[in-house]
$ cat structure39.tsv   # TSV, C-alpha atoms
chain	number	residue	atom	x	y	z
V	1	MET	CA	5.57	-22.74	16.47
V	2	PHE	CA	4.18	-19.92	14.38
V	3	MET	CA	5.36	-17.11	12.11
V	4	LYS	CA	3.87	-14.07	10.41
V	5	ALA	CA	2.84	-14.27	6.75
V	6	ALA	CA	0.76	-12.25	4.29
V	7	VAL	CA	-2.01	-14.67	3.33
V	8	TYR	CA	-4.45	-14.30	0.42
V	9	ARG	CA	-8.09	-14.56	1.47
V	10	ARG	CA	-10.81	-14.72	-1.16
V	11	SER	CA	-13.12	-12.65	1.04
V	12	SER	CA	-10.73	-9.86	1.93
V	13	GLY	CA	-7.52	-10.04	-0.15
V	14	LEU	CA	-4.14	-9.93	1.59
V	15	MET	CA	-4.17	-10.37	5.38
V	16	VAL	CA	-1.20	-10.66	7.75
V	17	GLU	CA	-1.76	-13.71	9.94
V	18	GLU	CA	0.01	-16.11	12.27
V	19	VAL	CA	0.61	-19.38	10.41
V	20	PRO	CA	2.48	-22.57	11.35
V	21	LEU	CA	6.24	-22.34	10.96
V	22	PRO	CA	7.30	-24.75	8.18
V	23	GLU	CA	9.62	-27.63	9.01
V	24	SER	CA	12.58	-28.56	6.84
V	25	GLY	CA	11.80	-32.27	6.97
V	26	ILE	CA	14.34	-34.90	6.01
V	27	ASP	CA	15.33	-33.38	2.64
V	28	GLY	CA	14.15	-29.77	2.83
V	29	VAL	CA	15.81	-26.47	3.67
V	30	LEU	CA	14.39	-23.70	5.84
V	31	VAL	CA	15.31	-20.16	4.73
V	32	LYS	CA	14.91	-17.16	7.02
V	33	VAL	CA	13.62	-14.45	4.70
V	34	ALA	CA	15.46	-11.12	4.54
V	35	ASN	CA	13.74	-9.28	1.67
V	36	THR	CA	10.97	-10.18	-0.75
V	37	GLY	CA	9.93	-8.13	-3.75
V	38	PHE	CA	6.33	-7.72	-4.86
V	39	CYS	CA	6.18	-8.89	-8.49
V	40	GLY	CA	3.70	-7.86	-11.16
V	41	SER	CA	2.67	-11.51	-11.40
V	42	ASP	CA	1.69	-11.39	-7.72
V	43	HIS	CA	-0.68	-8.53	-8.54
V	44	SER	CA	-2.04	-10.39	-11.57
V	45	LEU	CA	-2.71	-13.53	-9.52
V	46	ILE	CA	-4.46	-11.62	-6.74
V	47	GLU	CA	-6.72	-9.85	-9.23
V	48	SER	CA	-7.32	-12.97	-11.36
V	49	GLY	CA	-9.50	-14.72	-8.80
V	50	ILE	CA	-7.78	-18.06	-9.42
V	51	LEU	CA	-5.71	-18.15	-6.23
V	52	PRO	CA	-6.83	-20.65	-3.59
V	53	ASP	CA	-7.89	-19.28	-0.24
V	54	GLY	CA	-5.03	-19.22	2.26
V	55	PHE	CA	-2.23	-19.14	-0.32
V	56	ILE	CA	1.03	-17.31	0.46
V	57	LEU	CA	2.57	-15.46	-2.49
V	58	GLY	CA	6.12	-14.11	-2.91
V	59	HIS	CA	8.94	-15.51	-5.03
V	60	GLU	CA	11.46	-12.66	-5.46
V	61	THR	CA	13.32	-13.29	-2.25
V	62	SER	CA	16.63	-13.31	-0.47
V	63	GLY	CA	17.47	-14.85	2.88
V	64	ILE	CA	19.72	-16.98	5.03
V	65	VAL	CA	19.75	-20.78	5.21
V	66	SER	CA	18.65	-21.44	8.81
V	67	GLU	CA	18.03	-25.21	8.91
V	68	LYS	CA	18.64	-28.25	6.71
V	69	GLY	CA	17.20	-31.73	6.73
V	70	LYS	CA	19.56	-34.68	7.19
V	71	GLN	CA	19.43	-35.57	3.48
V	72	ALA	CA	19.54	-31.99	2.18
V	73	THR	CA	22.59	-30.97	0.16
V	74	GLY	CA	23.61	-27.55	-1.15
V	75	PRO	CA	24.82	-24.43	0.66
V	76	PRO	CA	25.49	-24.78	4.39
V	77	VAL	CA	23.50	-23.19	7.20
V	78	GLY	CA	24.26	-19.47	7.33
V	79	SER	CA	24.59	-19.10	3.54
V	80	ARG	CA	23.08	-16.05	1.83
V	81	VAL	CA	20.76	-17.24	-0.92
V	82	ILE	CA	18.04	-16.51	-3.43
V	83	ILE	CA	15.47	-19.11	-4.48
V	84	ARG	CA	14.52	-20.46	-7.91
V	85	PRO	CA	12.40	-23.46	-9.04
V	86	THR	CA	13.64	-27.04	-9.31
V	87	TYR	CA	14.27	-28.85	-12.60
V	88	CYS	CA	14.89	-32.50	-13.49
V	89	GLY	CA	17.41	-32.21	-16.34
V	90	LYS	CA	15.76	-35.05	-18.28
V	91	CYS	CA	12.36	-33.91	-19.57
V	92	ARG	CA	11.68	-32.26	-22.93
V	93	GLY	CA	11.88	-28.74	-21.50
V	94	CYS	CA	15.18	-29.37	-19.73
V	95	LEU	CA	16.73	-31.12	-22.75
V	96	MET	CA	15.76	-28.13	-24.91
V	97	GLY	CA	17.82	-25.89	-22.62
V	98	LYS	CA	14.67	-24.57	-20.91
V	99	PRO	CA	14.93	-25.91	-17.34
V	100	HIS	CA	12.48	-23.25	-16.16
V	101	LEU	CA	9.87	-25.12	-18.24
V	102	CYS	CA	10.60	-28.45	-16.54
V	103	GLN	CA	7.63	-30.82	-16.71
V	104	ASP	CA	8.69	-33.29	-14.02
V	105	ASN	CA	7.54	-32.38	-10.50
V	106	ARG	CA	8.69	-28.77	-10.75
V	107	ARG	CA	8.73	-27.19	-7.29
V	108	THR	CA	8.49	-23.44	-6.86
V	109	ILE	CA	7.52	-21.01	-4.11
V	110	GLY	CA	4.78	-18.40	-4.25
V	111	ILE	CA	3.53	-19.05	-7.78
V	112	GLY	CA	3.55	-22.84	-7.72
V	113	ASP	CA	3.06	-25.67	-5.27
V	114	LEU	CA	5.02	-24.32	-2.27
V	115	PRO	CA	4.03	-21.44	0.02
V	116	GLY	CA	5.83	-18.22	-0.86
V	117	ALA	CA	8.09	-15.73	0.84
V	118	PHE	CA	5.66	-13.07	2.03
V	119	ALA	CA	6.52	-14.77	5.30
V	120	GLU	CA	9.26	-14.89	7.91
V	121	TYR	CA	10.43	-18.35	6.81
V	122	VAL	CA	10.03	-20.43	3.68
V	123	LYS	CA	10.67	-24.12	3.06
V	124	VAL	CA	12.54	-25.01	-0.14
V	125	TYR	CA	14.78	-27.74	-1.55
V	126	SER	CA	18.54	-27.67	-2.08
V	127	GLN	CA	18.42	-27.43	-5.87
V	128	MET	CA	16.38	-24.22	-5.55
V	129	LEU	CA	19.16	-22.29	-3.81
V	130	ILE	CA	21.57	-19.89	-5.49
V	131	GLN	CA	24.27	-18.41	-3.28
V	132	VAL	CA	24.55	-14.63	-3.22
V	133	PRO	CA	28.11	-13.34	-3.64
V	134	LEU	CA	29.62	-11.17	-0.93
V	135	GLY	CA	29.23	-7.58	-2.03
V	136	VAL	CA	25.62	-7.96	-3.19
V	137	ASN	CA	23.14	-6.88	-0.51
V	138	SER	CA	19.87	-8.62	0.28
V	139	ARG	CA	17.65	-6.00	-1.38
V	140	SER	CA	19.55	-6.23	-4.67
V	141	ALA	CA	19.67	-10.02	-4.42
V	142	ALA	CA	15.90	-10.17	-4.05
V	143	LEU	CA	15.66	-8.25	-7.33
V	144	ALA	CA	17.99	-10.59	-9.23
V	145	GLU	CA	14.89	-12.46	-10.44
V	146	THR	CA	13.42	-9.22	-11.83
V	147	PHE	CA	16.53	-8.62	-13.92
V	148	ALA	CA	16.73	-12.31	-14.87
V	149	ALA	CA	13.15	-12.13	-16.17
V	150	ALA	CA	14.11	-9.13	-18.30
V	151	LEU	CA	17.27	-10.87	-19.51
V	152	HIS	CA	15.25	-13.97	-20.40
V	153	GLY	CA	12.82	-11.84	-22.42
V	154	ILE	CA	15.70	-10.30	-24.37
V	155	LYS	CA	17.08	-13.76	-25.08
V	156	CYS	CA	13.66	-15.07	-26.14
V	157	SER	CA	13.39	-12.22	-28.65
V	158	GLY	CA	16.33	-13.74	-30.50
V	159	SER	CA	17.87	-10.30	-31.01
V	160	ASN	CA	21.53	-9.53	-30.46
V	161	GLY	CA	21.50	-5.77	-30.94
V	162	GLY	CA	20.01	-2.89	-32.85
V	163	SER	CA	17.23	-0.53	-31.87
V	164	ALA	CA	14.82	-1.52	-29.12
V	165	LEU	CA	11.49	-0.32	-27.76
V	166	VAL	CA	10.30	-1.25	-24.28
V	167	ILE	CA	6.56	-0.86	-23.76
V	168	GLY	CA	5.87	-0.44	-20.05
V	169	GLY	CA	8.14	1.06	-17.41
V	170	GLY	CA	7.43	-1.32	-14.55
V	171	PRO	CA	10.30	-3.11	-12.79
V	172	ILE	CA	10.91	-5.64	-15.59
V	173	GLY	CA	10.68	-3.00	-18.31
V	174	LEU	CA	13.10	-0.73	-16.46
V	175	ALA	CA	15.43	-3.66	-15.77
V	176	ALA	CA	15.28	-4.48	-19.48
V	177	ILE	CA	16.48	-0.97	-20.33
V	178	GLN	CA	19.52	-1.36	-18.07
V	179	LEU	CA	20.30	-4.73	-19.63
V	180	LEU	CA	19.72	-3.62	-23.23
V	181	LYS	CA	22.16	-0.77	-22.62
V	182	LEU	CA	24.69	-3.09	-21.01
V	183	ILE	CA	24.49	-5.68	-23.80
V	184	GLY	CA	24.92	-3.05	-26.52
V	185	PHE	CA	21.46	-2.37	-27.99
V	186	GLY	CA	20.66	1.12	-29.19
V	187	PRO	CA	18.97	3.42	-29.57
V	188	ILE	CA	16.55	2.40	-26.80
V	189	ALA	CA	13.07	3.87	-26.32
V	190	LEU	CA	10.60	3.60	-23.44
V	191	SER	CA	6.83	4.01	-23.76
V	192	GLU	CA	5.34	4.66	-20.32
V	193	PRO	CA	2.47	6.92	-19.17
V	194	VAL	CA	3.86	7.64	-15.66
V	195	LYS	CA	6.38	10.48	-15.70
V	196	GLU	CA	8.44	9.21	-12.75
V	197	LYS	CA	8.90	5.85	-14.45
V	198	ARG	CA	9.91	7.52	-17.72
V	199	LEU	CA	12.56	9.52	-15.89
V	200	LEU	CA	13.89	6.33	-14.29
V	201	GLY	CA	14.06	4.83	-17.77
V	202	GLN	CA	16.15	7.79	-18.89
V	203	THR	CA	18.46	7.30	-15.92
V	204	PHE	CA	18.86	3.65	-16.84
V	205	GLY	CA	19.83	4.41	-20.44
V	206	ALA	CA	16.73	5.07	-22.55
V	207	ASP	CA	17.51	7.41	-25.45
V	208	TYR	CA	13.87	8.24	-26.19
V	209	LEU	CA	10.85	8.59	-23.90
V	210	ILE	CA	7.18	8.84	-24.75
V	211	ASP	CA	3.88	9.14	-22.91
V	212	PRO	CA	1.54	6.95	-25.00
V	213	LEU	CA	-1.55	8.54	-23.44
V	214	THR	CA	-0.77	12.10	-24.50
V	215	GLU	CA	1.59	11.71	-27.47
V	216	ASP	CA	1.25	10.07	-30.88
V	217	ILE	CA	3.50	7.06	-30.48
V	218	THR	CA	3.20	5.96	-34.12
V	219	ARG	CA	4.30	9.35	-35.43
V	220	GLN	CA	7.06	9.63	-32.84
V	221	VAL	CA	8.48	6.19	-33.58
V	222	GLY	CA	8.40	7.05	-37.28
V	223	GLU	CA	10.55	10.10	-36.58
V	224	TRP	CA	12.95	8.24	-34.29
V	225	THR	CA	13.50	5.36	-36.72
V	226	LYS	CA	13.10	7.24	-40.03
V	227	GLY	CA	9.98	5.20	-40.75
V	228	VAL	CA	11.67	1.83	-40.25
V	229	GLY	CA	10.35	0.83	-36.83
V	230	PHE	CA	12.25	-0.87	-34.01
V	231	ASP	CA	14.37	-3.98	-34.51
V	232	THR	CA	13.17	-5.35	-31.16
V	233	VAL	CA	10.03	-4.59	-29.16
V	234	LEU	CA	9.56	-5.92	-25.63
V	235	GLU	CA	5.96	-5.80	-24.35
V	236	CYS	CA	6.31	-5.31	-20.59
V	237	SER	CA	3.18	-3.32	-19.75
V	238	GLY	CA	0.69	-6.12	-19.19
V	239	VAL	CA	-1.89	-4.24	-21.25
V	240	ALA	CA	-3.52	-6.54	-23.81
V	241	GLU	CA	-4.03	-3.75	-26.36
V	242	ASN	CA	-0.29	-3.10	-26.44
V	243	ILE	CA	0.40	-6.40	-28.20
V	244	GLN	CA	-0.94	-4.98	-31.45
V	245	VAL	CA	0.92	-1.72	-30.76
V	246	ALA	CA	4.13	-3.75	-30.51
V	247	PHE	CA	3.45	-5.34	-33.92
V	248	ASP	CA	2.68	-1.94	-35.43
V	249	LEU	CA	5.93	-0.38	-34.16
V	250	ALA	CA	8.26	-3.26	-35.04
V	251	ALA	CA	10.45	-3.05	-38.12
V	252	LYS	CA	10.17	-5.45	-41.03
V	253	CYS	CA	11.82	-8.71	-39.99
V	254	GLY	CA	11.92	-7.32	-36.47
V	255	SER	CA	11.19	-9.18	-33.26
V	256	VAL	CA	8.40	-8.81	-30.72
V	257	CYS	CA	8.60	-10.57	-27.35
V	258	ILE	CA	5.63	-10.57	-24.98
V	259	VAL	CA	7.38	-10.49	-21.62
V	260	SER	CA	4.43	-9.45	-19.45
V	261	VAL	CA	1.85	-11.95	-18.22
V	262	ILE	CA	-1.56	-10.89	-19.58
V	263	PHE	CA	-4.66	-12.73	-18.38
V	264	LYS	CA	-7.03	-10.92	-20.76
V	265	ASN	CA	-7.56	-11.97	-24.37
V	266	ALA	CA	-6.02	-9.67	-26.97
V	267	VAL	CA	-7.39	-8.63	-30.36
V	268	ILE	CA	-4.64	-8.54	-32.97
V	269	ARG	CA	-4.34	-8.04	-36.72
V	270	PRO	CA	-2.28	-11.01	-37.96
V	271	MET	CA	-1.51	-9.32	-41.27
V	272	ALA	CA	0.83	-6.96	-39.42
V	273	ILE	CA	2.90	-10.05	-38.61
V	274	ASN	CA	2.62	-11.48	-42.15
V	275	PHE	CA	3.47	-8.34	-44.08
V	276	LYS	CA	6.46	-7.48	-41.90
V	277	GLU	CA	7.56	-11.08	-41.30
V	278	ILE	CA	7.82	-10.29	-37.61
V	279	ARG	CA	9.31	-12.89	-35.30
V	280	VAL	CA	6.95	-13.25	-32.32
V	281	SER	CA	7.92	-14.90	-29.06
V	282	GLY	CA	6.74	-15.20	-25.49
V	283	SER	CA	8.77	-15.21	-22.32
V	284	ILE	CA	8.04	-16.73	-18.93
V	285	SER	CA	10.20	-16.98	-15.83
V	286	ASN	CA	14.01	-17.36	-16.12
V	287	THR	CA	16.83	-19.79	-15.43
V	288	HIS	CA	19.29	-20.30	-12.61
V	289	GLU	CA	22.08	-19.25	-14.96
V	290	GLU	CA	20.34	-15.98	-15.80
V	291	ASN	CA	19.97	-15.20	-12.10
V	292	ILE	CA	23.63	-15.99	-11.50
V	293	GLN	CA	24.61	-13.73	-14.41
V	294	CYS	CA	22.56	-10.86	-12.98
V	295	LEU	CA	24.09	-11.33	-9.54
V	296	GLU	CA	27.54	-11.16	-11.14
V	297	TRP	CA	26.64	-7.96	-12.97
V	298	MET	CA	25.40	-6.51	-9.68
V	299	LEU	CA	28.66	-7.47	-7.98
V	300	ALA	CA	30.62	-5.80	-10.78
V	301	GLY	CA	28.49	-2.65	-10.51
V	302	GLN	CA	27.24	-3.00	-14.09
V	303	ILE	CA	23.58	-3.00	-13.08
V	304	ASP	CA	22.02	-1.31	-10.06
V	305	PRO	CA	18.57	-2.39	-8.84
V	306	SER	CA	18.33	0.13	-6.00
V	307	PRO	CA	16.69	3.01	-7.95
V	308	LEU	CA	13.76	0.68	-8.71
V	309	ILE	CA	12.80	0.49	-5.04
V	310	THR	CA	10.18	3.12	-4.29
V	311	ASP	CA	8.70	1.44	-1.21
V	312	LEU	CA	10.60	-0.43	1.51
V	313	ILE	CA	8.08	-1.75	4.01
V	314	PRO	CA	7.66	-4.28	6.83
V	315	LEU	CA	5.45	-7.30	6.26
V	316	ASP	CA	2.63	-5.85	8.37
V	317	GLN	CA	2.15	-2.97	5.94
V	318	LEU	CA	1.71	-5.05	2.79
V	319	PRO	CA	-2.13	-5.19	2.76
V	320	ARG	CA	-2.35	-1.39	3.02
V	321	VAL	CA	0.45	-0.70	0.54
V	322	TYR	CA	-1.11	-3.16	-1.90
V	323	LYS	CA	-4.35	-1.17	-1.95
V	324	GLU	CA	-2.78	2.31	-1.91
V	325	ARG	CA	0.42	1.93	-3.93
V	326	ILE	CA	0.59	-1.36	-5.84
V	327	HIS	CA	-2.93	-1.79	-7.18
V	328	THR	CA	-3.08	1.91	-8.09
V	329	GLY	CA	0.18	1.71	-10.04
V	330	LYS	CA	1.88	4.40	-7.95
V	331	ALA	CA	4.76	2.22	-6.77
V	332	VAL	CA	7.56	1.08	-9.06
V	333	LYS	CA	8.93	-1.67	-6.85
V	334	VAL	CA	7.80	-2.60	-3.36
V	335	ILE	CA	10.38	-4.49	-1.29
V	336	LEU	CA	9.44	-6.09	2.00
V	337	GLN	CA	11.99	-6.00	4.80
V	338	ILE	CA	10.91	-9.13	6.62
V	339	GLY	CA	14.00	-10.32	8.51
V	340	GLU	CA	17.52	-9.16	9.11
V	341	GLU	CA	19.06	-7.76	5.93
V	342	PHE	CA	22.58	-8.43	4.68

$ encode --input "structure39.tsv" --output "structure tokens"
Amino acid sequence: MFMKAAVYRRSSGLMVEEVPLPESGIDGVLVKVANTGFCGSDHSLIESGILPDGFILGHETSGIVSEKGKQATGPPVGSRVIIRPTYCGKCRGCLMGKPHLCQDNRRTIGIGDLPGAFAEYVKVYSQMLIQVPLGVNSRSAALAETFAAALHGIKCSGSNGGSALVIGGGPIGLAAIQLLKLIGFGPIALSEPVKEKRLLGQTFGADYLIDPLTEDITRQVGEWTKGVGFDTVLECSGVAENIQVAFDLAAKCGSVCIVSVIFKNAVIRPMAINFKEIRVSGSISNTHEENIQCLEWMLAGQIDPSPLITDLIPLDQLPRVYKERIHTGKAVKVILQIGEEF
């Protein structure tokens, strides 16, 4: 049996092809995909040249459990779920409270060892499943991981409040603004060159907006913070040069977290870190608990992912939309409607 999937080809990029339908096996779970979001890391991997030919991306996904192996545990067939990586609970990463950094046979779809969810079905394992509460639809559920990534970045910064600057108004940056507002940070500023994304940031709770390409961000931040700088800066743009900008705009004893995944090397001035005693951290992925928390906030109506979605498309359109909307930076969030939504 076969299914449709968007497959990466080294010679031509993304191509929709017929591929073998995965089997659950004795201990696996087959999920019928409803929605899958296109993540910034998917774009980075496609453009990096490191992806193997024939790989299927896609990890921000929601769907329905359609089949389980005889030894598979977890939610029953028919359950509404999202998918996160496995963890062992015993390695150094897990024991440090960082199960997303598990070092023991970590299994993950789309950005790891398992084929991803730019496909009609995806094979996973029971531990990877998080049930979606009734009242949260499949499009929002697919974006739980986006908000969890933003939440994880905020946690990695070590900050509990105060002023915050988000550099980059992509999906994670915009999600971060919603979460910073919800948690009680303020004032919140967004640096983003695309007007439509700045306006979304304002809708989500940003107090200050700036176009870094046409305005003097250093002068503006000086005015906003009375020369102090921001207590917390989240780098979400993916632009290597913005790492130094983040250091320059942080307050003394402030915190800078590099949330975006940047494949290029960055030139920085370490003295900016020394003289301000800035706390610098990185952030990667997120935990099951952070996804569950974001789903609960969605259920309670405290965060709303829907305004992020600028493009809702069928799987067949992904290669074209990638070239015209994603790679050009015109889209905020592309969501694929692959199967029946809930």

$ closest_residue --input "structure39.tsv" --among "V:Pro193, V:Gly201, V:Pro133, V:Pro314" --to "Ile177 (chain V)" --atoms "all atoms listed in the file"
V:Gly201

$ residues_around --input "structure39.tsv" --residues "region 11-26 of chain V" --least-positions-apart "2" --cutoff "9 Å" --atoms "all atoms listed in the file" --output "VMD selection string"
chain V and resid 1 to 9 28 to 30 46 53 67 to 72 120 to 125 315 to 320 322

$ closest_residue --input "structure39.tsv" --among "V:Val245, V:Leu45, V:Cys94, V:Leu129" --to "Ala266 (chain V)" --atoms "only C-alpha atoms"
V:Val245

$ closest_residue --input "structure39.tsv" --among "V:Phe185, V:Phe147, V:Phe230, V:Phe263" --to "Pro171 (chain V)" --atoms "all atoms listed in the file"
V:Phe147

$ residues_around --input "structure39.tsv" --residues "Gly173 (chain V)" --least-positions-apart "2" --cutoff "12 Å" --atoms "only C-alpha atoms" --output "PyMOL selection string"
chain V and resi 40+146-151+153-154+164-171+175-180+188-192+197-198+200-201+204-206+233-238+257-260+308+332-333

$ residues_around --input "structure39.tsv" --residues "Lys252 (chain V)" --least-positions-apart "3" --cutoff "8 Å" --atoms "all atoms listed in the file" --output "CSV table (one decimal) with C-alpha atoms, keeping the file's coordinate frame"
chain,number,residue,atom,x,y,z
V,228,VAL,CA,11.7,1.8,-40.2
V,229,GLY,CA,10.4,0.8,-36.8
V,231,ASP,CA,14.4,-4.0,-34.5
V,275,PHE,CA,3.5,-8.3,-44.1
V,276,LYS,CA,6.5,-7.5,-41.9
V,277,GLU,CA,7.6,-11.1,-41.3
V,278,ILE,CA,7.8,-10.3,-37.6

$ atom_distance --input "structure39.tsv" --atom1 "CA of Ile82 (chain V)" --atom2 "CA of Ile130 (chain V)"
5.3 Å

$ atom_distance --input "structure39.tsv" --atom1 "CA of Lys264 (chain V)" --atom2 "CA of Ser44 (chain V)"
10.5 Å

$ atom_distance --input "structure39.tsv" --atom1 "CA of Val221 (chain V)" --atom2 "CA of Val280 (chain V)"
19.5 Å

$ closest_residue --input "structure39.tsv" --among "V:Ser159, V:Ile183, V:Leu249, V:Gly78" --to "Gly222 (chain V)" --atoms "all atoms listed in the file"
V:Leu249

$ closest_residue --input "structure39.tsv" --among "V:Thr232, V:Thr86, V:Ser126, V:Ser285" --to "Val31 (chain V)" --atoms "all atoms listed in the file"
V:Ser126

$ residues_around --input "structure39.tsv" --residues "Asp113 (chain V)" --least-positions-apart "4" --cutoff "12 Å" --atoms "only C-alpha atoms" --output "VMD selection string"
chain V and resid 51 to 52 55 to 57 59 85 to 86 105 to 109 123 to 124

$ closest_residue --input "structure39.tsv" --among "V:Ser48, V:Val33, V:Glu223, V:Val65" --to "Val261 (chain V)" --atoms "all atoms listed in the file"
V:Ser48

$ residues_around --input "structure39.tsv" --residues "Gly37 (chain V)" --least-positions-apart "3" --cutoff "9 Å" --atoms "only C-alpha atoms" --output "list in words"
Gly58, His59, Glu60, Thr61, Phe118, Arg139, Ala142, Leu143, Thr146, Lys333, Val334, Ile335 and Leu336 of chain V

$ residues_near_point --input "structure39.tsv" --point "(23.5, -4.2, 1.9)" --cutoff "6 Å" --atoms "all atoms listed in the file" --output "list in words"
Asn137, Ser138 and Phe342 of chain V

$ build_atoms --input "structure39.tsv" --residues "region 252-275 of chain V" --atoms "N, CA and C atoms" --output "PDB file, in the coordinates of the input"
ATOM      1  N   LYS V 252      10.257  -4.237 -40.217  1.00  0.00           N
ATOM      2  CA  LYS V 252      10.170  -5.450 -41.030  1.00  0.00           C
ATOM      3  C   LYS V 252      11.280  -6.412 -40.609  1.00  0.00           C
ATOM      4  N   CYS V 253      10.903  -7.670 -40.463  1.00  0.00           N
ATOM      5  CA  CYS V 253      11.820  -8.710 -39.990  1.00  0.00           C
ATOM      6  C   CYS V 253      12.329  -8.419 -38.575  1.00  0.00           C
ATOM      7  N   GLY V 254      11.582  -7.591 -37.858  1.00  0.00           N
ATOM      8  CA  GLY V 254      11.920  -7.320 -36.470  1.00  0.00           C
ATOM      9  C   GLY V 254      11.387  -8.404 -35.557  1.00  0.00           C
ATOM     10  N   SER V 255      11.574  -8.186 -34.256  1.00  0.00           N
ATOM     11  CA  SER V 255      11.190  -9.180 -33.260  1.00  0.00           C
ATOM     12  C   SER V 255      10.325  -8.542 -32.185  1.00  0.00           C
ATOM     13  N   VAL V 256       9.262  -9.242 -31.822  1.00  0.00           N
ATOM     14  CA  VAL V 256       8.400  -8.810 -30.720  1.00  0.00           C
ATOM     15  C   VAL V 256       8.363  -9.924 -29.686  1.00  0.00           C
ATOM     16  N   CYS V 257       8.699  -9.597 -28.437  1.00  0.00           N
ATOM     17  CA  CYS V 257       8.600 -10.570 -27.350  1.00  0.00           C
ATOM     18  C   CYS V 257       7.594 -10.065 -26.324  1.00  0.00           C
ATOM     19  N   ILE V 258       6.629 -10.901 -25.996  1.00  0.00           N
ATOM     20  CA  ILE V 258       5.630 -10.570 -24.980  1.00  0.00           C
ATOM     21  C   ILE V 258       6.171 -11.075 -23.646  1.00  0.00           C
ATOM     22  N   VAL V 259       6.738 -10.151 -22.890  1.00  0.00           N
ATOM     23  CA  VAL V 259       7.380 -10.490 -21.620  1.00  0.00           C
ATOM     24  C   VAL V 259       6.370 -10.480 -20.482  1.00  0.00           C
ATOM     25  N   SER V 260       5.411  -9.561 -20.528  1.00  0.00           N
ATOM     26  CA  SER V 260       4.430  -9.450 -19.450  1.00  0.00           C
ATOM     27  C   SER V 260       3.453 -10.617 -19.490  1.00  0.00           C
ATOM     28  N   VAL V 261       2.881 -10.910 -18.329  1.00  0.00           N
ATOM     29  CA  VAL V 261       1.850 -11.950 -18.220  1.00  0.00           C
ATOM     30  C   VAL V 261       0.493 -11.251 -18.293  1.00  0.00           C
ATOM     31  N   ILE V 262      -0.278 -11.554 -19.337  1.00  0.00           N
ATOM     32  CA  ILE V 262      -1.560 -10.890 -19.580  1.00  0.00           C
ATOM     33  C   ILE V 262      -2.670 -11.927 -19.501  1.00  0.00           C
ATOM     34  N   PHE V 263      -3.579 -11.769 -18.561  1.00  0.00           N
ATOM     35  CA  PHE V 263      -4.660 -12.730 -18.380  1.00  0.00           C
ATOM     36  C   PHE V 263      -5.833 -12.474 -19.327  1.00  0.00           C
ATOM     37  N   LYS V 264      -5.945 -11.248 -19.842  1.00  0.00           N
ATOM     38  CA  LYS V 264      -7.030 -10.920 -20.760  1.00  0.00           C
ATOM     39  C   LYS V 264      -6.723 -11.416 -22.175  1.00  0.00           C
ATOM     40  N   ASN V 265      -7.753 -11.677 -22.967  1.00  0.00           N
ATOM     41  CA  ASN V 265      -7.560 -11.970 -24.370  1.00  0.00           C
ATOM     42  C   ASN V 265      -7.202 -10.681 -25.111  1.00  0.00           C
ATOM     43  N   ALA V 266      -6.441 -10.820 -26.183  1.00  0.00           N
ATOM     44  CA  ALA V 266      -6.020  -9.670 -26.970  1.00  0.00           C
ATOM     45  C   ALA V 266      -6.542  -9.795 -28.387  1.00  0.00           C
ATOM     46  N   VAL V 267      -6.978  -8.679 -28.958  1.00  0.00           N
ATOM     47  CA  VAL V 267      -7.390  -8.630 -30.360  1.00  0.00           C
ATOM     48  C   VAL V 267      -6.205  -8.128 -31.179  1.00  0.00           C
ATOM     49  N   ILE V 268      -5.776  -8.934 -32.141  1.00  0.00           N
ATOM     50  CA  ILE V 268      -4.640  -8.540 -32.970  1.00  0.00           C
ATOM     51  C   ILE V 268      -5.001  -8.640 -34.449  1.00  0.00           C
ATOM     52  N   ARG V 269      -4.203  -7.959 -35.262  1.00  0.00           N
ATOM     53  CA  ARG V 269      -4.340  -8.040 -36.720  1.00  0.00           C
ATOM     54  C   ARG V 269      -3.170  -8.871 -37.248  1.00  0.00           C
ATOM     55  N   PRO V 270      -3.392 -10.135 -37.552  1.00  0.00           N
ATOM     56  CA  PRO V 270      -2.280 -11.010 -37.960  1.00  0.00           C
ATOM     57  C   PRO V 270      -1.543 -10.529 -39.193  1.00  0.00           C
ATOM     58  N   MET V 271      -2.207  -9.768 -40.064  1.00  0.00           N
ATOM     59  CA  MET V 271      -1.510  -9.320 -41.270  1.00  0.00           C
ATOM     60  C   MET V 271      -0.313  -8.447 -40.959  1.00  0.00           C
ATOM     61  N   ALA V 272      -0.332  -7.756 -39.799  1.00  0.00           N
ATOM     62  CA  ALA V 272       0.830  -6.960 -39.420  1.00  0.00           C
ATOM     63  C   ALA V 272       2.051  -7.856 -39.233  1.00  0.00           C
ATOM     64  N   ILE V 273       1.809  -9.086 -38.769  1.00  0.00           N
ATOM     65  CA  ILE V 273       2.900 -10.050 -38.610  1.00  0.00           C
ATOM     66  C   ILE V 273       3.316 -10.595 -39.971  1.00  0.00           C
ATOM     67  N   ASN V 274       2.325 -10.940 -40.819  1.00  0.00           N
ATOM     68  CA  ASN V 274       2.620 -11.480 -42.150  1.00  0.00           C
ATOM     69  C   ASN V 274       3.424 -10.500 -43.001  1.00  0.00           C
ATOM     70  N   PHE V 275       2.893  -9.296 -43.131  1.00  0.00           N
ATOM     71  CA  PHE V 275       3.470  -8.340 -44.080  1.00  0.00           C
ATOM     72  C   PHE V 275       4.865  -7.876 -43.667  1.00  0.00           C
TER      73      PHE V 275
END
